[in-house]
Each structure stands twice: as structure tokens, then as C-alpha cells.
>>> print(open('final.cif').read())   # mmCIF, C-alpha atoms
data_upload
loop_
_atom_site.label_atom_id
_atom_site.label_comp_id
_atom_site.auth_asym_id
_atom_site.auth_seq_id
_atom_site.Cartn_x
_atom_site.Cartn_y
_atom_site.Cartn_z
CA MET A 1 0.00 0.00 0.00
CA PRO A 2 1.39 3.46 -0.84
CA GLU A 3 2.26 5.81 1.98
CA ARG A 4 -0.65 8.16 2.64
CA LYS A 5 -0.26 11.69 3.97
CA TYR A 6 -2.96 13.92 5.39
CA VAL A 7 -2.86 17.50 6.63
CA VAL A 8 -5.75 18.09 9.05
CA ASP A 9 -7.55 21.28 10.00
CA THR A 10 -8.97 22.17 13.43
CA SER A 11 -12.44 21.77 11.89
CA LEU A 12 -11.97 17.98 12.04
CA PHE A 13 -12.24 18.26 15.84
CA VAL A 14 -14.14 21.52 16.32
CA ASN A 15 -16.92 21.41 13.71
CA PRO A 16 -19.77 19.38 15.31
CA HIS A 17 -20.78 17.78 12.03
CA ALA A 18 -17.20 16.82 11.12
CA ARG A 19 -16.22 15.41 14.52
CA LYS A 20 -19.44 13.55 15.32
CA ASP A 21 -17.97 10.06 14.68
CA PHE A 22 -14.82 10.82 16.71
CA GLY A 23 -16.33 12.29 19.88
CA LYS A 24 -19.05 14.45 21.42
CA ASP A 25 -16.80 17.49 22.06
CA PRO A 26 -13.40 18.64 20.73
CA THR A 27 -11.40 16.94 23.52
CA ALA A 28 -13.27 13.64 23.12
CA ALA A 29 -12.89 13.92 19.34
CA VAL A 30 -9.10 14.33 19.63
CA ARG A 31 -8.93 11.21 21.85
CA GLY A 32 -11.22 9.26 19.52
CA PHE A 33 -9.06 10.29 16.57
CA ILE A 34 -5.83 9.16 18.29
CA ARG A 35 -7.38 5.72 18.99
CA LYS A 36 -8.46 5.35 15.36
CA LEU A 37 -5.02 6.42 14.12
CA ASN A 38 -3.29 3.73 16.19
CA GLY A 39 -1.97 0.99 13.87
CA LEU A 40 -2.92 2.81 10.67
CA ASP A 41 -0.22 3.19 8.03
CA ILE A 42 -0.77 6.90 7.43
CA GLU A 43 1.05 10.13 8.30
CA VAL A 44 -0.97 12.98 9.75
CA TYR A 45 0.45 16.51 9.75
CA MET A 46 -0.63 19.84 11.21
CA PRO A 47 1.03 23.23 10.68
CA PRO A 48 2.15 24.53 14.11
CA SER A 49 -0.14 27.57 13.71
CA ILE A 50 -3.18 25.29 13.26
CA PHE A 51 -2.05 23.07 16.14
CA ASN A 52 -1.87 26.14 18.38
CA GLU A 53 -5.37 27.21 17.33
CA LEU A 54 -6.63 23.84 18.53
CA ARG A 55 -5.35 24.60 22.06
CA ASN A 56 -8.28 27.02 22.39
CA PHE A 57 -10.79 24.16 22.12
CA VAL A 58 -9.12 21.05 23.55
CA GLN A 59 -7.91 20.20 27.06
CA PRO A 60 -4.10 20.38 27.52
CA LYS A 61 -3.73 16.65 28.31
CA ALA A 62 -5.44 15.60 25.05
CA ILE A 63 -3.38 18.19 23.14
CA GLY A 64 -0.23 16.62 24.57
CA GLU A 65 -1.35 13.17 23.40
CA LEU A 66 -2.15 14.52 19.92
CA GLU A 67 1.31 16.09 19.72
CA LEU A 68 2.83 12.58 19.99
CA ALA A 69 0.47 11.07 17.40
CA ILE A 70 0.87 13.59 14.56
CA ARG A 71 3.68 15.60 12.97
CA LYS A 72 3.89 19.37 13.26
CA ARG A 73 5.49 21.11 10.32
CA ALA A 74 5.14 24.53 8.67
CA PRO A 75 5.07 24.91 4.88
CA ASN A 76 8.07 26.42 3.14
CA THR A 77 6.33 29.71 2.36
CA TYR A 78 9.46 31.26 0.84
CA GLY A 79 10.30 28.25 -1.33
CA ILE A 80 6.88 27.60 -2.89
CA TYR A 81 5.79 29.58 -5.92
CA LEU A 82 2.17 30.13 -6.97
CA PRO A 83 0.84 31.36 -10.32
CA ALA A 84 0.30 35.13 -10.23
CA ALA A 85 -3.29 34.41 -11.33
CA VAL A 86 -4.05 33.12 -7.81
CA LEU A 87 -3.20 36.49 -6.25
CA TYR A 88 -4.98 38.26 -9.12
CA ASP A 89 -8.22 36.39 -8.32
CA PHE A 90 -7.77 37.01 -4.60
CA ILE A 91 -7.32 40.77 -5.09
CA GLU A 92 -10.48 40.91 -7.19
CA ASP A 93 -12.45 38.86 -4.64
CA VAL A 94 -11.29 41.15 -1.81
CA ARG A 95 -12.18 44.28 -3.82
CA ILE A 96 -15.75 43.06 -4.30
CA ARG A 97 -16.06 42.16 -0.61
CA ILE A 98 -14.70 45.55 0.50
CA ASN A 99 -17.41 47.25 -1.55
CA LYS A 100 -20.07 45.00 -0.01
CA GLY A 101 -18.71 45.83 3.45
CA LEU A 102 -19.07 49.55 2.76
CA ARG A 103 -22.69 49.14 1.56
CA LEU A 104 -23.45 47.25 4.77
CA ALA A 105 -21.74 49.88 6.95
CA GLU A 106 -23.73 52.61 5.16
CA ASP A 107 -27.04 50.82 5.79
CA PHE A 108 -26.30 50.58 9.50
CA ALA A 109 -24.98 54.17 9.71
CA LYS A 110 -28.29 55.43 8.27
CA ASP A 111 -30.37 53.37 10.71
CA ASN A 112 -30.87 55.74 13.66
CA ARG A 113 -33.25 53.56 15.67
CA PRO A 114 -32.20 53.41 19.33
CA ASP A 115 -31.56 49.65 19.82
CA ASN A 116 -27.79 49.60 19.31
CA ASP A 117 -27.20 46.13 20.80
CA GLU A 118 -29.51 44.50 18.30
CA LYS A 119 -27.97 46.52 15.46
CA LEU A 120 -24.42 45.56 16.39
CA ARG A 121 -25.31 41.86 16.55
CA ARG A 122 -26.88 42.02 13.09
CA LEU A 123 -24.01 44.10 11.68
CA ARG A 124 -21.37 41.63 12.92
CA ASP A 125 -23.22 38.64 11.45
CA LYS A 126 -23.73 40.26 8.08
CA TYR A 127 -20.22 41.68 7.93
CA ARG A 128 -18.62 38.33 8.76
CA ASP A 129 -20.72 36.71 6.08
CA ALA A 130 -19.85 39.34 3.46
CA MET A 131 -16.13 39.52 4.23
CA ARG A 132 -15.07 36.08 5.37
CA THR A 133 -17.32 33.29 4.14
CA GLY A 134 -15.88 31.40 1.20
CA ILE A 135 -12.51 33.16 1.19
CA ILE A 136 -9.21 32.16 2.77
CA ASP A 137 -9.01 34.69 5.58
CA SER A 138 -6.11 33.80 7.86
CA LYS A 139 -2.43 32.87 7.76
CA GLU A 140 -3.33 29.62 9.50
CA ASP A 141 -5.71 28.54 6.73
CA PHE A 142 -3.14 29.49 4.12
CA GLU A 143 -0.44 27.40 5.84
CA LEU A 144 -2.79 24.43 5.97
CA VAL A 145 -3.36 24.31 2.22
CA LEU A 146 0.22 25.18 1.37
CA LEU A 147 1.62 22.39 3.56
CA ALA A 148 -0.70 19.83 1.93
CA LYS A 149 0.40 21.10 -1.49
CA GLU A 150 4.08 20.93 -0.55
CA LEU A 151 3.83 17.39 0.88
CA GLU A 152 1.52 16.24 -1.93
CA ALA A 153 -0.79 15.23 0.90
CA THR A 154 -4.58 15.34 1.14
CA MET A 155 -5.93 18.31 3.07
CA VAL A 156 -8.77 17.48 5.49
CA SER A 157 -11.09 20.39 6.30
CA SER A 158 -14.69 21.52 6.29
CA ASP A 159 -13.90 25.22 5.77
CA GLU A 160 -15.40 26.52 2.52
CA GLY A 161 -12.72 29.18 1.94
CA VAL A 162 -9.91 26.70 2.55
CA ILE A 163 -11.39 24.16 0.12
CA LYS A 164 -11.88 26.85 -2.54
CA PHE A 165 -8.23 27.85 -2.24
CA ALA A 166 -7.11 24.20 -2.39
CA ASP A 167 -8.95 23.89 -5.71
CA GLN A 168 -7.30 27.04 -7.05
CA ILE A 169 -3.81 25.69 -6.52
CA GLY A 170 -4.58 22.04 -7.34
CA CYS A 171 -4.33 20.57 -3.85
CA ALA A 172 -6.12 17.30 -3.01
CA TRP A 173 -8.71 17.62 -0.23
CA LEU A 174 -11.24 15.58 1.69
CA SER A 175 -14.28 16.90 3.51
CA ALA A 176 -13.57 16.55 7.25
CA ASP A 177 -16.83 14.67 7.90
CA LYS A 178 -15.60 11.90 5.57
CA PHE A 179 -12.29 11.29 7.35
CA HIS A 180 -13.69 8.85 9.91
CA ALA A 181 -15.02 6.61 7.10
CA VAL A 182 -11.69 6.86 5.24
CA MET A 183 -9.77 5.78 8.36
CA LYS A 184 -12.16 2.88 8.87
CA LYS A 185 -11.66 1.77 5.29
CA LEU A 186 -7.86 2.01 5.57
CA LYS A 187 -7.99 -0.27 8.62
CA GLY A 188 -9.54 -2.81 6.23
CA MET B 1 22.93 53.29 -24.42
CA PRO B 2 20.96 50.30 -23.16
CA GLU B 3 17.33 50.00 -24.14
CA ARG B 4 15.12 51.35 -21.37
CA LYS B 5 11.62 50.12 -20.63
CA TYR B 6 9.00 51.80 -18.49
CA VAL B 7 5.50 50.71 -17.48
CA VAL B 8 3.45 53.77 -16.58
CA ASP B 9 0.42 54.14 -14.33
CA THR B 10 -2.54 56.50 -14.81
CA SER B 11 -1.23 58.46 -11.83
CA LEU B 12 1.50 59.93 -14.09
CA PHE B 13 -1.26 61.89 -15.86
CA VAL B 14 -4.00 62.04 -13.24
CA ASN B 15 -2.20 62.83 -9.98
CA PRO B 16 -1.76 66.65 -9.94
CA HIS B 17 1.62 66.51 -8.22
CA ALA B 18 2.94 63.82 -10.61
CA ARG B 19 1.74 65.46 -13.83
CA LYS B 20 2.58 69.08 -13.01
CA ASP B 21 5.59 69.27 -15.37
CA PHE B 22 3.68 67.62 -18.25
CA GLY B 23 0.45 69.65 -18.26
CA LYS B 24 -2.18 71.44 -16.20
CA ASP B 25 -4.84 68.73 -16.57
CA PRO B 26 -4.81 65.02 -17.57
CA THR B 27 -5.40 65.70 -21.29
CA ALA B 28 -2.69 68.39 -21.43
CA ALA B 29 -0.36 66.09 -19.46
CA VAL B 30 -0.84 63.25 -21.97
CA ARG B 31 -0.02 65.65 -24.83
CA GLY B 32 2.99 67.07 -22.98
CA PHE B 33 4.21 63.53 -22.31
CA ILE B 34 3.91 62.52 -26.00
CA ARG B 35 5.98 65.58 -27.01
CA LYS B 36 8.69 64.72 -24.47
CA LEU B 37 8.73 61.08 -25.60
CA ASN B 38 9.36 62.07 -29.22
CA GLY B 39 12.95 61.17 -30.19
CA LEU B 40 13.72 59.46 -26.89
CA ASP B 41 15.23 55.98 -27.09
CA ILE B 42 12.86 54.39 -24.54
CA GLU B 43 9.89 52.02 -24.67
CA VAL B 44 6.79 52.93 -22.69
CA TYR B 45 4.17 50.28 -21.92
CA MET B 46 0.72 50.29 -20.35
CA PRO B 47 -1.44 47.27 -19.52
CA PRO B 48 -4.71 47.55 -21.53
CA SER B 49 -6.70 47.68 -18.27
CA ILE B 50 -4.72 50.73 -17.09
CA PHE B 51 -4.98 52.34 -20.52
CA ASN B 52 -8.78 51.94 -20.36
CA GLU B 53 -8.88 53.51 -16.91
CA LEU B 54 -7.18 56.57 -18.37
CA ARG B 55 -10.09 57.05 -20.80
CA ASN B 56 -12.14 58.27 -17.81
CA PHE B 57 -9.83 61.27 -17.38
CA VAL B 58 -8.46 62.18 -20.81
CA GLN B 59 -10.17 63.43 -23.99
CA PRO B 60 -10.60 60.76 -26.72
CA LYS B 61 -8.36 62.57 -29.23
CA ALA B 62 -5.42 62.69 -26.81
CA ILE B 63 -6.04 59.03 -25.86
CA GLY B 64 -5.81 58.14 -29.56
CA GLU B 65 -2.47 59.94 -29.84
CA LEU B 66 -1.15 58.19 -26.73
CA GLU B 67 -2.14 54.82 -28.18
CA LEU B 68 0.28 55.44 -31.09
CA ALA B 69 3.11 56.58 -28.80
CA ILE B 70 3.14 53.71 -26.29
CA ARG B 71 2.71 49.93 -26.31
CA LYS B 72 -0.31 48.21 -24.78
CA ARG B 73 0.38 44.77 -23.37
CA ALA B 74 -1.05 42.64 -20.56
CA PRO B 75 1.20 40.62 -18.23
CA ASN B 76 1.26 36.84 -18.55
CA THR B 77 -0.68 36.25 -15.33
CA TYR B 78 -0.79 32.48 -15.82
CA GLY B 79 2.91 32.14 -16.68
CA ILE B 80 4.41 34.19 -13.85
CA TYR B 81 4.99 32.61 -10.46
CA LEU B 82 5.25 34.50 -7.18
CA PRO B 83 6.58 33.27 -3.83
CA ALA B 84 3.73 32.00 -1.64
CA ALA B 85 4.98 34.45 1.01
CA VAL B 86 3.57 37.34 -1.05
CA LEU B 87 0.03 35.94 -0.81
CA TYR B 88 0.65 35.05 2.85
CA ASP B 89 1.45 38.69 3.66
CA PHE B 90 -1.49 39.90 1.61
CA ILE B 91 -3.95 37.62 3.43
CA GLU B 92 -2.67 38.88 6.78
CA ASP B 93 -2.89 42.53 5.68
CA VAL B 94 -6.47 42.02 4.46
CA ARG B 95 -7.45 40.27 7.72
CA ILE B 96 -6.25 43.26 9.78
CA ARG B 97 -8.06 45.71 7.49
CA ILE B 98 -11.31 43.72 7.62
CA ASN B 99 -11.22 43.95 11.42
CA LYS B 100 -10.59 47.71 11.22
CA GLY B 101 -13.52 48.04 8.81
CA LEU B 102 -15.83 46.30 11.27
CA ARG B 103 -14.74 48.58 14.16
CA LEU B 104 -15.49 51.58 11.92
CA ALA B 105 -18.90 50.21 10.88
CA GLU B 106 -19.74 49.59 14.54
CA ASP B 107 -18.86 53.16 15.52
CA PHE B 108 -21.15 54.54 12.84
CA ALA B 109 -23.95 52.06 13.60
CA LYS B 110 -23.96 53.25 17.24
CA ASP B 111 -24.07 56.93 16.25
CA ASN B 112 -27.81 57.69 16.09
CA ARG B 113 -27.55 61.44 15.49
CA PRO B 114 -29.85 62.53 12.66
CA ASP B 115 -27.40 64.00 10.11
CA ASN B 116 -26.96 60.96 7.85
CA ASP B 117 -25.37 62.80 4.92
CA GLU B 118 -22.50 64.02 7.04
CA LYS B 119 -22.11 60.58 8.61
CA LEU B 120 -21.99 58.80 5.24
CA ARG B 121 -19.35 61.21 3.92
CA ARG B 122 -17.18 60.60 6.97
CA LEU B 123 -17.75 56.84 6.87
CA ARG B 124 -16.73 56.57 3.20
CA ASP B 125 -13.54 58.57 3.79
CA LYS B 126 -12.49 56.57 6.82
CA TYR B 127 -13.43 53.24 5.26
CA ARG B 128 -11.46 53.94 2.07
CA ASP B 129 -8.50 54.94 4.18
CA ALA B 130 -8.70 51.81 6.36
CA MET B 131 -9.32 49.33 3.54
CA ARG B 132 -7.52 50.66 0.48
CA THR B 133 -4.65 53.00 1.32
CA GLY B 134 -1.25 51.32 1.08
CA ILE B 135 -2.53 48.02 -0.32
CA ILE B 136 -2.84 46.81 -3.89
CA ASP B 137 -6.59 46.92 -4.32
CA SER B 138 -7.45 46.31 -7.98
CA LYS B 139 -6.67 43.96 -10.86
CA GLU B 140 -5.43 46.97 -12.81
CA ASP B 141 -2.78 47.84 -10.21
CA PHE B 142 -1.72 44.20 -10.02
CA GLU B 143 -1.30 44.02 -13.82
CA LEU B 144 0.79 47.17 -13.76
CA VAL B 145 3.39 45.77 -11.37
CA LEU B 146 3.33 42.31 -12.90
CA LEU B 147 3.95 43.65 -16.40
CA ALA B 148 6.93 45.70 -15.21
CA LYS B 149 8.29 42.62 -13.44
CA GLU B 150 7.82 40.43 -16.53
CA LEU B 151 9.47 42.94 -18.89
CA GLU B 152 12.21 43.78 -16.36
CA ALA B 153 11.04 47.35 -16.85
CA THR B 154 10.78 50.22 -14.37
CA MET B 155 7.27 50.83 -13.06
CA VAL B 156 6.26 54.51 -12.87
CA SER B 157 3.54 55.31 -10.34
CA SER B 158 2.69 57.46 -7.34
CA ASP B 159 0.29 54.93 -5.79
CA GLU B 160 1.48 53.82 -2.36
CA GLY B 161 -0.07 50.34 -2.54
CA VAL B 162 1.37 49.69 -5.98
CA ILE B 163 4.86 50.73 -4.88
CA LYS B 164 4.66 48.56 -1.77
CA PHE B 165 3.73 45.54 -3.89
CA ALA B 166 6.55 46.31 -6.36
CA ASP B 167 8.99 46.16 -3.45
CA GLN B 168 7.56 42.85 -2.28
CA ILE B 169 8.23 41.12 -5.57
CA GLY B 170 11.49 42.94 -6.40
CA CYS B 171 10.24 45.16 -9.21
CA ALA B 172 12.09 48.41 -10.08
CA TRP B 173 10.00 51.56 -9.70
CA LEU B 174 10.21 55.30 -10.07
CA SER B 175 7.98 57.85 -8.37
CA ALA B 176 5.73 59.36 -11.07
CA ASP B 177 6.68 62.93 -10.15
CA LYS B 178 10.32 62.13 -11.05
CA PHE B 179 9.60 60.85 -14.57
CA HIS B 180 9.70 64.27 -16.22
CA ALA B 181 13.21 64.87 -14.88
CA VAL B 182 14.31 61.38 -16.00
CA MET B 183 13.02 62.00 -19.53
CA LYS B 184 14.83 65.33 -19.62
CA LYS B 185 18.08 63.69 -18.53
CA LEU B 186 17.71 60.93 -21.16
CA LYS B 187 17.38 63.58 -23.86
CA GLY B 188 20.85 64.70 -22.79
#
>>> encode(input="final.cif", output="C-alpha cells")
Amino acid sequence: MPERKYVVDTSLFVNPHARKDFGKDPTAAVRGFIRKLNGLDIEVYMPPSIFNELRNFVQPKAIGELELAIRKRAPNTYGIYLPAAVLYDFIEDVRIRINKGLRLAEDFAKDNRPDNDEKLRRLRDKYRDAMRTGIIDSKEDFELVLLAKELEATMVSSDEGVIKFADQIGCAWLSADKFHAVMKKLKG
Amino acid sequence: MPERKYVVDTSLFVNPHARKDFGKDPTAAVRGFIRKLNGLDIEVYMPPSIFNELRNFVQPKAIGELELAIRKRAPNTYGIYLPAAVLYDFIEDVRIRINKGLRLAEDFAKDNRPDNDEKLRRLRDKYRDAMRTGIIDSKEDFELVLLAKELEATMVSSDEGVIKFADQIGCAWLSADKFHAVMKKLKG
């Protein structure tokens, strides 16, 4: 059997739909994942930035166990080259979102009704949706995809923006909610 | 004398400080530039997208004359590769700006004073400043720098975001307000 490499995102343990077969909360999911991994002939990687993000959701003891079960490694950001077209598309996407953000801000600036708490809640929801959904929006997400590309590994995530970027640069990916079934199948 | 190539931005003709030695308005500046170019042993390029932007500021007759004096050419966006670190930095810059934009929108959403016109003017100014100043924010700007890089030409612009990006990818540039003096010197 060929060596199989996977680069996993926090969403595998944090997203309720993705982790449901591994455990009922992030800490239980990490433990369930480590058990499943035991004896499997695969290599699982996480960029250190993504691993550190996971500390916000998982108990320190389980994090320590995960650190022994997987490999932490950052992508070689200075050694990898991407087609200029990728940045071109990103700049255009950001430009459109910035315009949407301004339209939203204008709508809320014009609304002079007194209930500010309700307005701020609605503004934050709509702004997040307009600016962040479906786009790669953090260094951590970028490192995730880039590491998978560099290692010729399969990226495991349920983040829409991350998956879209993986497709742009030709990186293999698997929806996080399918990883439990893949591990089961690999066990044979 | 070695062949010299320049890729020029609209700011050379549109920015009052940059164009002052060429002409009193964009149309006069384009005409003044064409006169200066006459007999000079240099090649001046513009990406078609930038050339089209200039149509918004310059009379059609002068645009037609410029089209004969310079070369229009797009960069090979699919053939040029950039270090992943460039996109990494861009993603991080955008993330910080998106957060600033939300803080701004929140401030204006909470302000329930009745003068909406004044508020919208202030919001647009501050938002543009937070989101667009000092960052490459359009496909046109991206093409400008990329073409100069591809041709190993000097990019001529007075746009802060464009110059910053040129430095990131190691592209030679000249401040637009210096180009008149450079042309004069080349004439000898």
C-alpha cells in the first residue's frame, strides 16, 4: 500500500458535524481520533499555527497526546511559488467584498433607531458573512493548504474558503466529515 | 545606451503633483508627455486595463495619440509565479483591514444622530483609508506591477499600494513625479 499523507484542520475536531464520529466534544474527538489512528499506516500533519489554534478548544492533556500522534510542520512559504493568477483572483475577490462591506456599513450608519445592541449583533453577522465566508481569511488557513500542497498530501477540512483555495492551486482535499469513514476503510 | 523600458500608471497623468511638469490637466499632461517622448530611445508600456482607466480622465483625441506613442500589453498572469509568502502577507494585511472596517462600521452604527449625509461622507472617507490605502486593491494595479516585473522594466507610479507591492516582488519603480526629470536627462 502506498504511503498516505494527510494534513488536518482544526475543523476535524471543532466542527460538530465533522467530529461527530470521533467524539461528542473537541477533547473527546481528539482522543477518539488518536485511537483510530493507532496501527494505521498513514502520516498525519498539522502546521504549528493550526495546532496552536486547537489549544483554544481542547484540554491540555489531550493536546499533549495529539502532539505525539501527529507531525507538526510549517510549509516552506518562501520556497513555494504560486501562479500570479491566484493572487490576481484574490485581489479581485477582496475588492468586491470591501465594496459590499461599505454598503453594509452605510445601511447601519443610516439606521438611527435606538436599539444599538440588536444593530451591532446584526451588523457583525452580516459583515462576517460578506467579508469572510468562502474566502481564505487567515495565515493559519493558508499554511494548511500550502503544507498539503508541498507534501503532496490530502488536506482534510470543512472550511469553505480553505477548500476553494485548495482547488485554485490544485491541492487534493477531503471533507472533514468523511475522514472517519476513510480511516475505517484504511484499517480494512 | 541600453534600451530602457518603463511601465506607466494613470497616476503619471491624473495625480496633480505627478503630472505638473507635463500639463495642467490630464489631457494636457498626456499631450505634454507625448511631445517629451518624441525622439527618446525608450519604450513605454501600459497594460490595456490601465490604458482603459485613463479614458475616464483624458479626452478621446489625446487618448488616440497616446495609443500610437506607447505599447499596450497585458502581463502573462498564468505564466508568472510568485513566492507564496507574497500571498501570505497579503492575506494577513487584508485580515487586519477587515477587522478595522468592522470597528469603523460599529462606531457609525452606534451613532444615532440625525445628520446621515455628514455621517456617510465621513464613513466613506475613513473606510477607504482603512481598507484601500497602502494596499494593492485592484486587478489593474496588479497588472501594472506584474507587467513591469515580466518585462524587467521600471514601473512609474505614485500609488502607495502599488509601490509597496513592487517592493515585495522585487520590481524596479520610479515615483511618477520624477519621470519628467528622467526623460529630460535621457534627452541629454
>>> residues_around(input="final.cif", residues="B:Arg97", least_positions_apart="5", cutoff="12 Å", atoms="only C-alpha atoms", output="ChimeraX atom specification")
/A:94,97-98,101,131,137 /B:90-92,102-104,126-135,137
>>> resolve_selection(input="final.cif", expression="the PyMOL selection byres ((chain A) within 7 of (chain B))", output="PyMOL selection string")
chain A and resi 77-85+87-88+91-92+95+105-106+108-110+112-114+116+120+137-139+142
>>> write_last_selection(input="final.cif", atoms="C-alpha atoms", output="short mmCIF file (atom, residue, chain, number, x, y, z; two decimals), in the frame of the given file")
data_model
loop_
_atom_site.label_atom_id
_atom_site.label_comp_id
_atom_site.auth_asym_id
_atom_site.auth_seq_id
_atom_site.Cartn_x
_atom_site.Cartn_y
_atom_site.Cartn_z
CA THR A 77 6.33 29.71 2.36
CA TYR A 78 9.46 31.26 0.84
CA GLY A 79 10.30 28.25 -1.33
CA ILE A 80 6.88 27.60 -2.89
CA TYR A 81 5.79 29.58 -5.92
CA LEU A 82 2.17 30.13 -6.97
CA PRO A 83 0.84 31.36 -10.32
CA ALA A 84 0.30 35.13 -10.23
CA ALA A 85 -3.29 34.41 -11.33
CA LEU A 87 -3.20 36.49 -6.25
CA TYR A 88 -4.98 38.26 -9.12
CA ILE A 91 -7.32 40.77 -5.09
CA GLU A 92 -10.48 40.91 -7.19
CA ARG A 95 -12.18 44.28 -3.82
CA ALA A 105 -21.74 49.88 6.95
CA GLU A 106 -23.73 52.61 5.16
CA PHE A 108 -26.30 50.58 9.50
CA ALA A 109 -24.98 54.17 9.71
CA LYS A 110 -28.29 55.43 8.27
CA ASN A 112 -30.87 55.74 13.66
CA ARG A 113 -33.25 53.56 15.67
CA PRO A 114 -32.20 53.41 19.33
CA ASN A 116 -27.79 49.60 19.31
CA LEU A 120 -24.42 45.56 16.39
CA ASP A 137 -9.01 34.69 5.58
CA SER A 138 -6.11 33.80 7.86
CA LYS A 139 -2.43 32.87 7.76
CA PHE A 142 -3.14 29.49 4.12
#
>>> resolve_selection(input="final.cif", expression="the PyMOL selection byres ((chain B and resi 12-14) around 7)", output="mmCIF file with C-alpha atoms, in the frame of the given file")
data_model
loop_
_atom_site.group_PDB
_atom_site.id
_atom_site.type_symbol
_atom_site.label_atom_id
_atom_site.label_comp_id
_atom_site.auth_asym_id
_atom_site.auth_seq_id
_atom_site.Cartn_x
_atom_site.Cartn_y
_atom_site.Cartn_z
ATOM 1 C CA VAL B 8 3.450 53.770 -16.580
ATOM 2 C CA ASP B 9 0.420 54.140 -14.330
ATOM 3 C CA THR B 10 -2.540 56.500 -14.810
ATOM 4 C CA SER B 11 -1.230 58.460 -11.830
ATOM 5 C CA ASN B 15 -2.200 62.830 -9.980
ATOM 6 C CA PRO B 16 -1.760 66.650 -9.940
ATOM 7 C CA ALA B 18 2.940 63.820 -10.610
ATOM 8 C CA ARG B 19 1.740 65.460 -13.830
ATOM 9 C CA PRO B 26 -4.810 65.020 -17.570
ATOM 10 C CA ALA B 29 -0.360 66.090 -19.460
ATOM 11 C CA VAL B 30 -0.840 63.250 -21.970
ATOM 12 C CA SER B 157 3.540 55.310 -10.340
ATOM 13 C CA ALA B 176 5.730 59.360 -11.070
#
>>> closest_residue(input="final.cif", among="A:Arg122, A:Arg73, A:Arg55, A:His17", to="A:Leu151", atoms="only C-alpha atoms")
A:Arg73
>>> resolve_selection(input="final.cif", expression="the PyMOL selection byres ((chain B and resi 36) around 10)", output="PyMOL selection string")
chain B and resi 22+30-35+37-40+180+183-184+187
>>> atom_distance(input="final.cif", atom1="atom CA of A:Pro47", atom2="atom CA of A:Lys185")
25.5 Å
>>> residues_around(input="final.cif", residues="B:Tyr6", least_positions_apart="3", cutoff="8 Å", atoms="only C-alpha atoms", output="PDB file with C-alpha atoms, keeping the file's coordinate frame")
ATOM      1  CA  ILE B  42      12.860  54.390 -24.540  1.00  0.00           C
ATOM      2  CA  GLU B  43       9.890  52.020 -24.670  1.00  0.00           C
ATOM      3  CA  VAL B  44       6.790  52.930 -22.690  1.00  0.00           C
ATOM      4  CA  TYR B  45       4.170  50.280 -21.920  1.00  0.00           C
ATOM      5  CA  ALA B 148       6.930  45.700 -15.210  1.00  0.00           C
ATOM      6  CA  ALA B 153      11.040  47.350 -16.850  1.00  0.00           C
ATOM      7  CA  THR B 154      10.780  50.220 -14.370  1.00  0.00           C
ATOM      8  CA  MET B 155       7.270  50.830 -13.060  1.00  0.00           C
ATOM      9  CA  VAL B 156       6.260  54.510 -12.870  1.00  0.00           C
TER      10      VAL B 156
END
>>> atom_distance(input="final.cif", atom1="atom CA of B:Ala166", atom2="atom CA of A:Gln168")
23.7 Å
>>> atom_distance(input="final.cif", atom1="atom CA of B:Glu150", atom2="atom CA of B:Ile163")
15.8 Å
>>> closest_residue(input="final.cif", among="B:Ala69, B:Gly64, B:Lys24, B:Leu144", to="B:Pro48", atoms="all atoms listed in the file")
B:Leu144
